[in-house]
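Participant: Structure file upload-v8.tsv (TSV, C-alpha atoms) is given on the next line.
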```tsv
chain	number	residue	atom	x	y	z
A	6	MET	CA	339.48	145.33	19.73
A	7	ALA	CA	341.22	144.37	22.99
A	8	GLU	CA	344.71	145.70	23.57
A	9	ALA	CA	347.40	143.09	23.08
A	10	PRO	CA	348.99	141.86	26.32
A	11	PRO	CA	352.60	142.85	26.96
A	12	PRO	CA	355.30	140.56	25.53
A	13	VAL	CA	357.33	138.21	27.70
A	14	THR	CA	360.88	139.43	28.29
A	15	LEU	CA	363.98	137.75	29.67
A	16	PRO	CA	364.94	139.22	33.07
A	17	GLY	CA	368.35	140.84	33.24
A	18	THR	CA	368.61	141.39	29.49
A	19	GLU	CA	369.03	144.59	27.49
A	20	GLU	CA	369.52	145.73	23.91
A	21	HIS	CA	372.09	148.15	22.47
A	22	ILE	CA	372.16	149.39	18.88
A	23	LEU	CA	375.65	149.59	17.39
A	24	GLN	CA	376.70	150.94	14.01
A	25	ALA	CA	379.52	149.58	11.85
A	26	PRO	CA	380.56	150.04	8.20
A	27	ALA	CA	378.68	146.84	7.31
A	28	GLY	CA	375.45	148.16	8.83
A	29	GLU	CA	373.47	148.15	12.05
A	30	TYR	CA	373.82	145.48	14.71
A	31	ARG	CA	371.88	144.74	17.87
A	32	LEU	CA	373.90	143.75	20.92
A	33	TRP	CA	371.80	141.73	23.33
A	34	LEU	CA	373.22	141.40	26.82
A	35	SER	CA	372.25	139.00	29.59
A	36	ILE	CA	373.93	140.13	32.80
A	37	PRO	CA	373.86	137.92	35.91
A	38	GLN	CA	371.90	139.39	38.79
A	39	ALA	CA	374.46	138.22	41.36
A	40	PRO	CA	377.48	140.37	42.24
A	41	PRO	CA	380.45	139.72	39.94
A	42	PRO	CA	383.38	137.65	41.15
A	43	PRO	CA	386.57	139.55	42.07
A	44	GLY	CA	387.98	139.22	38.54
A	45	GLY	CA	384.70	140.00	36.78
A	46	PHE	CA	382.32	137.79	34.80
A	47	PRO	CA	383.40	135.65	31.84
A	48	VAL	CA	381.76	136.84	28.62
A	49	LEU	CA	380.15	134.50	26.09
A	50	TYR	CA	380.16	136.19	22.67
A	51	LEU	CA	377.34	134.51	20.77
A	52	LEU	CA	377.01	134.87	17.00
A	53	ASP	CA	373.61	134.54	15.25
A	54	ALA	CA	371.92	135.76	18.41
A	55	ASN	CA	368.62	136.17	16.55
A	56	ALA	CA	368.41	132.37	16.52
A	57	SER	CA	369.81	131.30	19.89
A	58	PHE	CA	370.24	134.17	22.39
A	59	ALA	CA	367.35	133.00	24.56
A	60	THR	CA	368.57	129.40	24.39
A	61	LEU	CA	372.10	130.22	25.55
A	62	THR	CA	370.87	132.71	28.14
A	63	GLU	CA	368.65	130.12	29.81
A	64	ILE	CA	371.30	127.39	29.67
A	65	ALA	CA	373.81	129.75	31.30
A	66	ARG	CA	371.31	131.03	33.87
A	67	GLN	CA	370.03	127.60	34.88
A	68	GLY	CA	373.56	126.25	35.04
A	69	ALA	CA	374.69	129.03	37.36
A	70	VAL	CA	371.89	128.27	39.84
A	71	ARG	CA	373.79	125.13	40.87
A	72	ALA	CA	377.23	125.86	39.49
A	73	GLY	CA	378.92	123.31	41.73
A	74	ALA	CA	376.83	120.54	40.19
A	75	THR	CA	376.63	121.76	36.60
A	76	GLY	CA	380.13	123.20	36.16
A	77	ILE	CA	378.55	126.30	34.60
A	78	GLY	CA	379.32	129.42	36.59
A	79	ALA	CA	377.72	132.83	36.14
A	80	ALA	CA	378.63	134.49	32.84
A	81	VAL	CA	377.55	137.42	30.69
A	82	VAL	CA	375.96	136.49	27.37
A	83	ALA	CA	376.73	139.03	24.65
A	84	GLY	CA	374.65	138.16	21.61
A	85	ILE	CA	375.36	139.86	18.29
A	86	ALA	CA	372.07	140.09	16.39
A	87	TYR	CA	370.95	141.64	13.11
A	88	PRO	CA	367.93	143.90	12.59
A	89	GLY	CA	364.63	142.16	11.95
A	90	GLU	CA	362.97	139.03	13.26
A	91	ALA	CA	364.46	136.35	10.99
A	92	PRO	CA	366.51	133.79	12.96
A	93	TYR	CA	369.31	133.82	10.36
A	94	HIS	CA	370.27	136.73	8.09
A	95	ARG	CA	371.91	134.91	5.22
A	96	ALA	CA	373.45	137.84	3.36
A	97	ARG	CA	374.76	139.67	6.44
A	98	ARG	CA	376.28	136.59	8.01
A	99	GLY	CA	377.71	135.50	4.65
A	100	LEU	CA	379.64	138.75	4.58
A	101	ASP	CA	380.61	138.90	8.25
A	102	TYR	CA	381.72	135.33	8.82
A	103	THR	CA	383.81	134.66	5.73
A	104	PRO	CA	387.23	135.66	4.37
A	105	GLY	CA	385.97	135.26	0.80
A	106	PRO	CA	383.68	133.11	-1.36
A	107	PRO	CA	383.33	129.39	-0.67
A	108	ALA	CA	385.86	127.06	-2.22
A	109	GLU	CA	383.50	125.02	-4.40
A	110	GLU	CA	380.26	126.91	-5.10
A	111	ALA	CA	379.06	130.44	-5.81
A	112	VAL	CA	376.78	132.36	-3.44
A	113	PRO	CA	374.41	135.22	-4.33
A	114	TYR	CA	375.63	137.66	-1.67
A	115	PRO	CA	378.84	139.52	-0.74
A	116	THR	CA	381.56	137.71	1.22
A	117	GLY	CA	384.94	138.65	2.67
A	118	GLY	CA	384.01	140.83	5.64
A	119	ARG	CA	385.67	138.59	8.20
A	120	ASP	CA	388.45	140.98	9.29
A	121	ALA	CA	386.12	143.98	9.65
A	122	PHE	CA	383.62	141.95	11.67
A	123	LEU	CA	386.33	140.61	13.98
A	124	ALA	CA	387.56	144.18	14.55
A	125	PHE	CA	383.98	145.17	15.39
A	126	LEU	CA	383.72	142.36	17.96
A	127	ARG	CA	387.04	143.21	19.57
A	128	GLY	CA	386.41	146.96	19.52
A	129	PRO	CA	382.91	148.47	19.86
A	130	VAL	CA	381.19	145.29	21.06
A	131	ALA	CA	383.75	144.47	23.75
A	132	ALA	CA	383.85	148.10	24.86
A	133	ARG	CA	380.08	148.31	25.29
A	134	VAL	CA	380.00	145.05	27.27
A	135	ALA	CA	382.73	146.37	29.59
A	136	GLU	CA	380.75	149.57	30.13
A	137	ARG	CA	377.70	147.66	31.33
A	138	CYS	CA	379.22	145.24	33.84
A	139	ALA	CA	382.43	144.00	35.42
A	140	VAL	CA	384.03	141.51	33.06
A	141	ASP	CA	387.11	139.31	33.12
A	142	ALA	CA	389.19	140.42	30.14
A	143	GLY	CA	391.02	137.09	30.22
A	144	ARG	CA	387.88	134.97	29.79
A	145	ARG	CA	386.21	135.78	26.49
A	146	VAL	CA	384.51	132.86	24.74
A	147	LEU	CA	383.51	133.02	21.05
A	148	ILE	CA	380.55	130.79	20.17
A	149	GLY	CA	379.38	130.05	16.62
A	150	HIS	CA	377.13	127.54	14.88
A	151	SER	CA	377.22	126.50	11.20
A	152	LEU	CA	378.84	129.29	9.14
A	153	ALA	CA	379.49	131.14	12.40
A	154	GLY	CA	381.27	127.96	13.52
A	155	PHE	CA	383.54	128.28	10.49
A	156	PHE	CA	384.26	131.87	11.52
A	157	THR	CA	385.00	130.73	15.07
A	158	LEU	CA	387.57	128.19	13.88
A	159	ASP	CA	389.05	130.71	11.45
A	160	VAL	CA	389.56	133.25	14.24
A	161	LEU	CA	391.18	130.55	16.37
A	162	ALA	CA	393.47	129.60	13.48
A	163	ARG	CA	394.44	133.12	12.40
A	164	ASP	CA	393.92	135.36	15.46
A	165	PRO	CA	394.05	132.98	18.43
A	166	GLY	CA	394.54	135.78	20.97
A	167	ALA	CA	391.28	137.50	19.99
A	168	PHE	CA	389.37	135.34	22.49
A	169	SER	CA	390.44	133.10	25.33
A	170	ASP	CA	388.26	130.09	24.39
A	171	TYR	CA	386.25	128.88	21.41
A	172	VAL	CA	383.05	126.90	20.76
A	173	ALA	CA	382.35	125.76	17.17
A	174	ILE	CA	379.13	123.79	16.71
A	175	SER	CA	378.44	122.15	13.34
A	176	PRO	CA	381.16	124.30	11.72
A	177	SER	CA	380.84	124.76	7.95
A	178	VAL	CA	384.35	123.46	7.32
A	179	TRP	CA	383.44	122.93	3.65
A	180	TRP	CA	383.41	126.70	3.07
A	181	ASN	CA	387.21	126.76	2.92
A	182	ARG	CA	388.79	123.66	4.44
A	183	ALA	CA	392.23	124.46	3.03
A	184	ARG	CA	392.35	127.84	4.78
A	185	LEU	CA	391.40	126.30	8.13
A	186	GLU	CA	393.94	123.51	7.79
A	187	GLU	CA	396.70	125.95	6.82
A	188	GLY	CA	395.97	128.21	9.78
A	189	LEU	CA	395.65	125.40	12.30
A	190	ALA	CA	398.88	123.78	11.11
A	191	ALA	CA	400.78	126.94	12.05
A	192	LEU	CA	398.90	127.55	15.29
A	193	ARG	CA	400.99	128.14	18.42
A	194	PHE	CA	400.13	129.44	21.87
A	195	PRO	CA	402.92	131.43	23.53
A	196	GLY	CA	400.70	132.19	26.53
A	197	ARG	CA	397.57	130.61	27.96
A	198	VAL	CA	396.32	127.55	26.09
A	199	PRO	CA	392.66	127.94	25.04
A	200	ARG	CA	389.84	125.53	25.58
A	201	VAL	CA	388.21	124.64	22.27
A	202	ALA	CA	384.93	122.74	22.02
A	203	LEU	CA	383.60	121.26	18.78
A	204	GLY	CA	380.29	119.48	18.39
A	205	VAL	CA	378.20	118.07	15.54
A	206	GLY	CA	375.07	115.94	15.16
A	207	GLU	CA	375.41	112.41	13.81
A	208	TRP	CA	372.70	113.02	11.17
A	209	GLU	CA	374.44	116.05	9.65
A	210	GLN	CA	376.32	113.93	7.11
A	211	GLY	CA	373.35	111.89	5.95
A	212	LEU	CA	369.58	111.67	6.18
A	213	THR	CA	367.43	111.55	9.28
A	214	PRO	CA	365.11	108.51	9.34
A	215	TRP	CA	362.10	110.66	8.42
A	216	GLU	CA	363.85	112.25	5.43
A	217	ALA	CA	364.50	108.98	3.61
A	218	ALA	CA	361.12	109.00	1.83
A	219	SER	CA	361.28	112.68	0.85
A	220	PRO	CA	361.30	113.53	-2.87
A	221	GLU	CA	364.45	115.53	-2.17
A	222	ALA	CA	366.18	112.68	-0.34
A	223	ALA	CA	368.78	111.91	-3.02
A	224	ARG	CA	369.73	115.55	-3.52
A	225	THR	CA	369.89	116.19	0.23
A	226	ALA	CA	372.01	113.10	0.84
A	227	GLU	CA	374.41	114.09	-1.95
A	228	ARG	CA	374.88	117.61	-0.56
A	229	ARG	CA	375.39	116.44	3.00
A	230	GLY	CA	377.78	113.74	1.89
A	231	ARG	CA	379.77	116.26	-0.13
A	232	ARG	CA	379.97	118.74	2.73
A	233	ALA	CA	380.92	115.98	5.20
A	234	MET	CA	379.99	117.92	8.32
A	235	VAL	CA	380.77	115.12	10.79
A	236	ASP	CA	384.11	114.19	9.25
A	237	GLY	CA	385.05	117.85	8.87
A	238	ALA	CA	384.31	118.71	12.50
A	239	ARG	CA	386.15	115.65	13.77
A	240	GLN	CA	389.21	116.37	11.62
A	241	MET	CA	389.30	120.01	12.74
A	242	ALA	CA	389.15	118.85	16.36
A	243	GLU	CA	392.13	116.59	15.73
A	244	ARG	CA	394.10	119.47	14.22
A	245	VAL	CA	393.19	121.81	17.05
A	246	ALA	CA	394.28	119.20	19.60
A	247	ALA	CA	397.57	118.73	17.74
A	248	SER	CA	398.27	122.46	18.19
A	249	GLY	CA	398.27	121.98	21.95
A	250	ALA	CA	394.87	123.47	22.73
A	251	GLU	CA	392.72	121.76	25.36
A	252	THR	CA	390.13	120.25	23.04
A	253	ARG	CA	386.82	118.41	23.29
A	254	PHE	CA	384.85	116.90	20.40
A	255	TRP	CA	381.37	115.41	20.57
A	256	CYS	CA	379.25	113.75	17.89
A	257	PHE	CA	375.77	113.85	19.37
A	258	PRO	CA	373.58	110.84	18.53
A	259	GLU	CA	370.21	111.35	16.83
A	260	GLU	CA	370.77	115.09	16.27
A	261	ASN	CA	370.88	117.02	13.01
A	262	HIS	CA	372.12	120.47	11.99
A	263	GLY	CA	369.10	122.23	13.44
A	264	SER	CA	368.50	120.21	16.59
A	265	VAL	CA	372.06	119.84	17.87
A	266	LEU	CA	372.52	123.40	19.11
A	267	PRO	CA	370.82	123.28	22.55
A	268	VAL	CA	372.42	119.93	23.37
A	269	ALA	CA	375.88	121.06	22.33
A	270	LEU	CA	375.71	124.45	24.05
A	271	GLY	CA	375.18	122.94	27.49
A	272	ARG	CA	378.05	120.50	27.08
A	273	ALA	CA	380.36	123.16	25.66
A	274	LEU	CA	379.66	125.70	28.41
A	275	ARG	CA	380.57	123.19	31.08
A	276	PHE	CA	383.88	122.57	29.35
A	277	VAL	CA	384.95	126.13	28.56
A	278	LEU	CA	383.84	127.52	31.93
A	279	SER	CA	385.08	124.75	34.20
A	280	GLY	CA	387.20	122.36	32.14
A	281	HIS	CA	384.88	119.38	32.71
```
For this file, produce the structure as structure tokens.
Facilitator:
Amino acid sequence: MAEAPPPVTLPGTEEHILQAPAGEYRLWLSIPQAPPPPGGFPVLYLLDANASFATLTEIARQGAVRAGATGIGAAVVAGIAYPGEAPYHRARRGLDYTPGPPAEEAVPYPTGGRDAFLAFLRGPVAARVAERCAVDAGRRVLIGHSLAGFFTLDVLARDPGAFSDYVAISPSVWWNRARLEEGLAALRFPGRVPRVALGVGEWEQGLTPWEAASPEAARTAERRGRRAMVDGARQMAERVAASGAETRFWCFPEENHGSVLPVALGRALRFVLSGH
């Protein structure tokens, strides 16, 4: 039997194995090949890297080729991934991204590891990134989608100084809307005002055209209507803007919860890295 050809790899990327009380993590780094600017590279901390590390890495890399035109300058991508090949690790992320169980429904896995995971990001993860390349400690962007988007908003609301800027795509506001609203209502920025980007797909609160004839259409529509992803993201953007943060919100036409991520990442990077 012929030997399998070597796998394709992303140039300029590397993997580090980190241990934490919650288990093993993989830190995937994409480091620009160009020399760092005088203040060091911005760092994009990407959650759920198993699903979207390659996507964000290529958006950032292609953007930096013509930074003057795209508004996306060179940046380090630090993706936090879980062991295994699954794009999403439901139980691990359910623990890491949440302060406790959801407000309205039970889940079959542990929750409440939010504080420990944030400490892990700010401690061992940030330290390893700084060991590998010159970074700008004042430009640290947290990026999360879905439940990781809820975590991103929760960190902004409760620990705003943990990162300099925030990107929450399709945030699962329904997990604990009251907690987010309480934190954002008290949010103040004594120093630098962060840039906060929120995005959602227009089909996240209803059915896509091709789902209408599905046997599960009624149940899917009820769940999406109850979770109100579009309304929730828009309302959180309004509350973030009211706190004084520089805020952008986009509802992307003809996109759903799964398809919106690549579209939103490009738009969000331009905003958090250049303000445009």
Participant: Give me, as a tab-separated table, each residue of region 112-201 of chain A that comes within 12 Å of region 41-49 of chain A, together with its shortest interatomic pair and the distance in Å at one decimal, counting only C-alpha atoms, with rows ordered by chain and rising residue number.
Facilitator:
```
residue	atom	partner	partner_atom	distance
A:Leu126	CA	A:Leu49	CA	11.9
A:Val130	CA	A:Val48	CA	11.4
A:Ala131	CA	A:Val48	CA	9.3
A:Val134	CA	A:Val48	CA	8.5
A:Ala135	CA	A:Val48	CA	9.6
A:Arg137	CA	A:Phe46	CA	11.4
A:Cys138	CA	A:Phe46	CA	8.1
A:Ala139	CA	A:Gly45	CA	4.8
A:Val140	CA	A:Gly45	CA	4.1
A:Asp141	CA	A:Gly45	CA	4.4
A:Ala142	CA	A:Pro47	CA	7.7
A:Gly143	CA	A:Pro47	CA	7.9
A:Arg144	CA	A:Pro47	CA	5.0
A:Arg145	CA	A:Val48	CA	5.0
A:Val146	CA	A:Leu49	CA	4.8
A:Leu147	CA	A:Leu49	CA	6.2
A:Ile148	CA	A:Leu49	CA	7.0
A:Gly149	CA	A:Leu49	CA	10.5
A:Phe168	CA	A:Val48	CA	9.9
A:Ser169	CA	A:Pro47	CA	9.9
A:Asp170	CA	A:Leu49	CA	9.4
A:Tyr171	CA	A:Leu49	CA	9.5
A:Val172	CA	A:Leu49	CA	9.7
```
Participant: Which residues of region 143-253 of chain A have any atom within 9 Å of an atom in region 105-124 of chain A when counting all atoms listed in the file, and what is the closest pair of atoms for each, with the distance in Å to one decimal? Order the rows by chain and rising number and write it as JSON lines.
Facilitator:
```
{"residue": "A:Phe156", "atom": "CA", "partner": "A:Arg119", "partner_atom": "CA", "distance": 7.6}
{"residue": "A:Val160", "atom": "CA", "partner": "A:Leu123", "partner_atom": "CA", "distance": 8.0}
{"residue": "A:Ala167", "atom": "CA", "partner": "A:Leu123", "partner_atom": "CA", "distance": 8.4}
{"residue": "A:Trp179", "atom": "CA", "partner": "A:Ala108", "partner_atom": "CA", "distance": 7.6}
{"residue": "A:Trp180", "atom": "CA", "partner": "A:Pro107", "partner_atom": "CA", "distance": 4.6}
{"residue": "A:Asn181", "atom": "CA", "partner": "A:Ala108", "partner_atom": "CA", "distance": 5.3}
{"residue": "A:Arg182", "atom": "CA", "partner": "A:Ala108", "partner_atom": "CA", "distance": 8.0}
{"residue": "A:Ala183", "atom": "CA", "partner": "A:Ala108", "partner_atom": "CA", "distance": 8.7}
```
Participant: For His262 (chain A), which residue out of A:Ser57, A:Gln240, A:Thr213, A:Ser248 is the nearest one, using all atoms listed in the file?
Facilitator: A:Thr213
Participant: What gap, in Å, lies between CA of Gly211 (chain A) and CA of Arg228 (chain A)?
Facilitator: 8.8 Å
Participant: In Å, with one decimal, what is the gap from CA of Trp208 (chain A) to CA of Glu259 (chain A)?
Facilitator: 6.4 Å
Participant: Could you state the separation of CA of Ala246 (chain A) and CA of Arg275 (chain A) in Å, given to one decimal place?
Facilitator: 18.3 Å
Participant: Nearest to Glu243 (chain A) among A:Leu100, A:Ala190, A:Ala132, A:Leu15, with distances taken over all atoms listed in the file: which residue is it?
Facilitator: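 Comparing A:Leu100, A:Ala190, A:Ala132, A:Leu15 against Glu243 (chain A), the winner is A:Ala190.
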Participant: Closest to Ala247 (chain A) among A:Gly206, A:Leu192, A:Pro199, A:Glu216, using all atoms listed in the file?
Facilitator: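 Ranking A:Gly206, A:Leu192, A:Pro199, A:Glu216 by distance to Ala247 (chain A), first place goes to A:Leu192.
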Participant: Starting from the structure just given, write a file holding region 235-253 of chain A with N, CA, C and O atoms, as a PDB file, in the first residue's frame.
Facilitator:
```pdb
ATOM      1  N   VAL A 235     -30.772  37.382  16.918  1.00  0.00           N
ATOM      2  CA  VAL A 235     -30.588  38.687  16.277  1.00  0.00           C
ATOM      3  C   VAL A 235     -30.944  39.809  17.234  1.00  0.00           C
ATOM      4  O   VAL A 235     -30.176  40.762  17.429  1.00  0.00           O
ATOM      5  N   ASP A 236     -32.105  39.706  17.862  1.00  0.00           N
ATOM      6  CA  ASP A 236     -32.511  40.741  18.816  1.00  0.00           C
ATOM      7  C   ASP A 236     -31.526  40.822  19.976  1.00  0.00           C
ATOM      8  O   ASP A 236     -31.166  41.921  20.427  1.00  0.00           O
ATOM      9  N   GLY A 237     -31.089  39.671  20.471  1.00  0.00           N
ATOM     10  CA  GLY A 237     -30.163  39.661  21.596  1.00  0.00           C
ATOM     11  C   GLY A 237     -28.847  40.335  21.265  1.00  0.00           C
ATOM     12  O   GLY A 237     -28.328  41.135  22.053  1.00  0.00           O
ATOM     13  N   ALA A 238     -28.281  40.031  20.098  1.00  0.00           N
ATOM     14  CA  ALA A 238     -27.012  40.643  19.708  1.00  0.00           C
ATOM     15  C   ALA A 238     -27.167  42.147  19.522  1.00  0.00           C
ATOM     16  O   ALA A 238     -26.318  42.938  19.949  1.00  0.00           O
ATOM     17  N   ARG A 239     -28.269  42.548  18.886  1.00  0.00           N
ATOM     18  CA  ARG A 239     -28.490  43.979  18.668  1.00  0.00           C
ATOM     19  C   ARG A 239     -28.657  44.715  20.002  1.00  0.00           C
ATOM     20  O   ARG A 239     -28.085  45.797  20.207  1.00  0.00           O
ATOM     21  N   GLN A 240     -29.406  44.146  20.913  1.00  0.00           N
ATOM     22  CA  GLN A 240     -29.610  44.794  22.213  1.00  0.00           C
ATOM     23  C   GLN A 240     -28.327  44.869  23.020  1.00  0.00           C
ATOM     24  O   GLN A 240     -28.060  45.862  23.706  1.00  0.00           O
ATOM     25  N   MET A 241     -27.487  43.829  22.950  1.00  0.00           N
ATOM     26  CA  MET A 241     -26.208  43.886  23.646  1.00  0.00           C
ATOM     27  C   MET A 241     -25.314  44.961  23.041  1.00  0.00           C
ATOM     28  O   MET A 241     -24.609  45.673  23.761  1.00  0.00           O
ATOM     29  N   ALA A 242     -25.353  45.110  21.716  1.00  0.00           N
ATOM     30  CA  ALA A 242     -24.570  46.167  21.075  1.00  0.00           C
ATOM     31  C   ALA A 242     -25.020  47.541  21.551  1.00  0.00           C
ATOM     32  O   ALA A 242     -24.187  48.435  21.799  1.00  0.00           O
ATOM     33  N   GLU A 243     -26.322  47.720  21.711  1.00  0.00           N
ATOM     34  CA  GLU A 243     -26.826  49.005  22.205  1.00  0.00           C
ATOM     35  C   GLU A 243     -26.345  49.280  23.627  1.00  0.00           C
ATOM     36  O   GLU A 243     -25.977  50.409  23.963  1.00  0.00           O
ATOM     37  N   ARG A 244     -26.323  48.239  24.463  1.00  0.00           N
ATOM     38  CA  ARG A 244     -25.873  48.423  25.842  1.00  0.00           C
ATOM     39  C   ARG A 244     -24.375  48.668  25.916  1.00  0.00           C
ATOM     40  O   ARG A 244     -23.900  49.455  26.736  1.00  0.00           O
ATOM     41  N   VAL A 245     -23.623  47.999  25.066  1.00  0.00           N
ATOM     42  CA  VAL A 245     -22.179  48.235  25.029  1.00  0.00           C
ATOM     43  C   VAL A 245     -21.900  49.663  24.579  1.00  0.00           C
ATOM     44  O   VAL A 245     -21.068  50.365  25.157  1.00  0.00           O
ATOM     45  N   ALA A 246     -22.594  50.122  23.549  1.00  0.00           N
ATOM     46  CA  ALA A 246     -22.406  51.487  23.066  1.00  0.00           C
ATOM     47  C   ALA A 246     -22.764  52.507  24.140  1.00  0.00           C
ATOM     48  O   ALA A 246     -22.092  53.536  24.298  1.00  0.00           O
ATOM     49  N   ALA A 247     -23.807  52.221  24.919  1.00  0.00           N
ATOM     50  CA  ALA A 247     -24.217  53.139  25.984  1.00  0.00           C
ATOM     51  C   ALA A 247     -23.157  53.252  27.072  1.00  0.00           C
ATOM     52  O   ALA A 247     -23.103  54.260  27.785  1.00  0.00           O
ATOM     53  N   SER A 248     -22.302  52.246  27.201  1.00  0.00           N
ATOM     54  CA  SER A 248     -21.239  52.286  28.215  1.00  0.00           C
ATOM     55  C   SER A 248     -20.103  53.203  27.805  1.00  0.00           C
ATOM     56  O   SER A 248     -19.240  53.528  28.624  1.00  0.00           O
ATOM     57  N   GLY A 249     -20.082  53.604  26.533  1.00  0.00           N
ATOM     58  CA  GLY A 249     -19.016  54.464  26.041  1.00  0.00           C
ATOM     59  C   GLY A 249     -18.014  53.768  25.160  1.00  0.00           C
ATOM     60  O   GLY A 249     -17.130  54.419  24.590  1.00  0.00           O
ATOM     61  N   ALA A 250     -18.117  52.454  25.012  1.00  0.00           N
ATOM     62  CA  ALA A 250     -17.198  51.725  24.144  1.00  0.00           C
ATOM     63  C   ALA A 250     -17.452  52.084  22.682  1.00  0.00           C
ATOM     64  O   ALA A 250     -18.577  52.389  22.280  1.00  0.00           O
ATOM     65  N   GLU A 251     -16.390  52.050  21.882  1.00  0.00           N
ATOM     66  CA  GLU A 251     -16.523  52.255  20.446  1.00  0.00           C
ATOM     67  C   GLU A 251     -17.090  50.958  19.867  1.00  0.00           C
ATOM     68  O   GLU A 251     -16.424  49.919  19.903  1.00  0.00           O
ATOM     69  N   THR A 252     -18.299  51.003  19.351  1.00  0.00           N
ATOM     70  CA  THR A 252     -19.051  49.780  19.072  1.00  0.00           C
ATOM     71  C   THR A 252     -19.512  49.721  17.622  1.00  0.00           C
ATOM     72  O   THR A 252     -19.895  50.740  17.045  1.00  0.00           O
ATOM     73  N   ARG A 253     -19.444  48.519  17.053  1.00  0.00           N
ATOM     74  CA  ARG A 253     -20.021  48.268  15.735  1.00  0.00           C
ATOM     75  C   ARG A 253     -20.922  47.037  15.824  1.00  0.00           C
ATOM     76  O   ARG A 253     -20.589  46.058  16.479  1.00  0.00           O
TER      77      ARG A 253
END
```
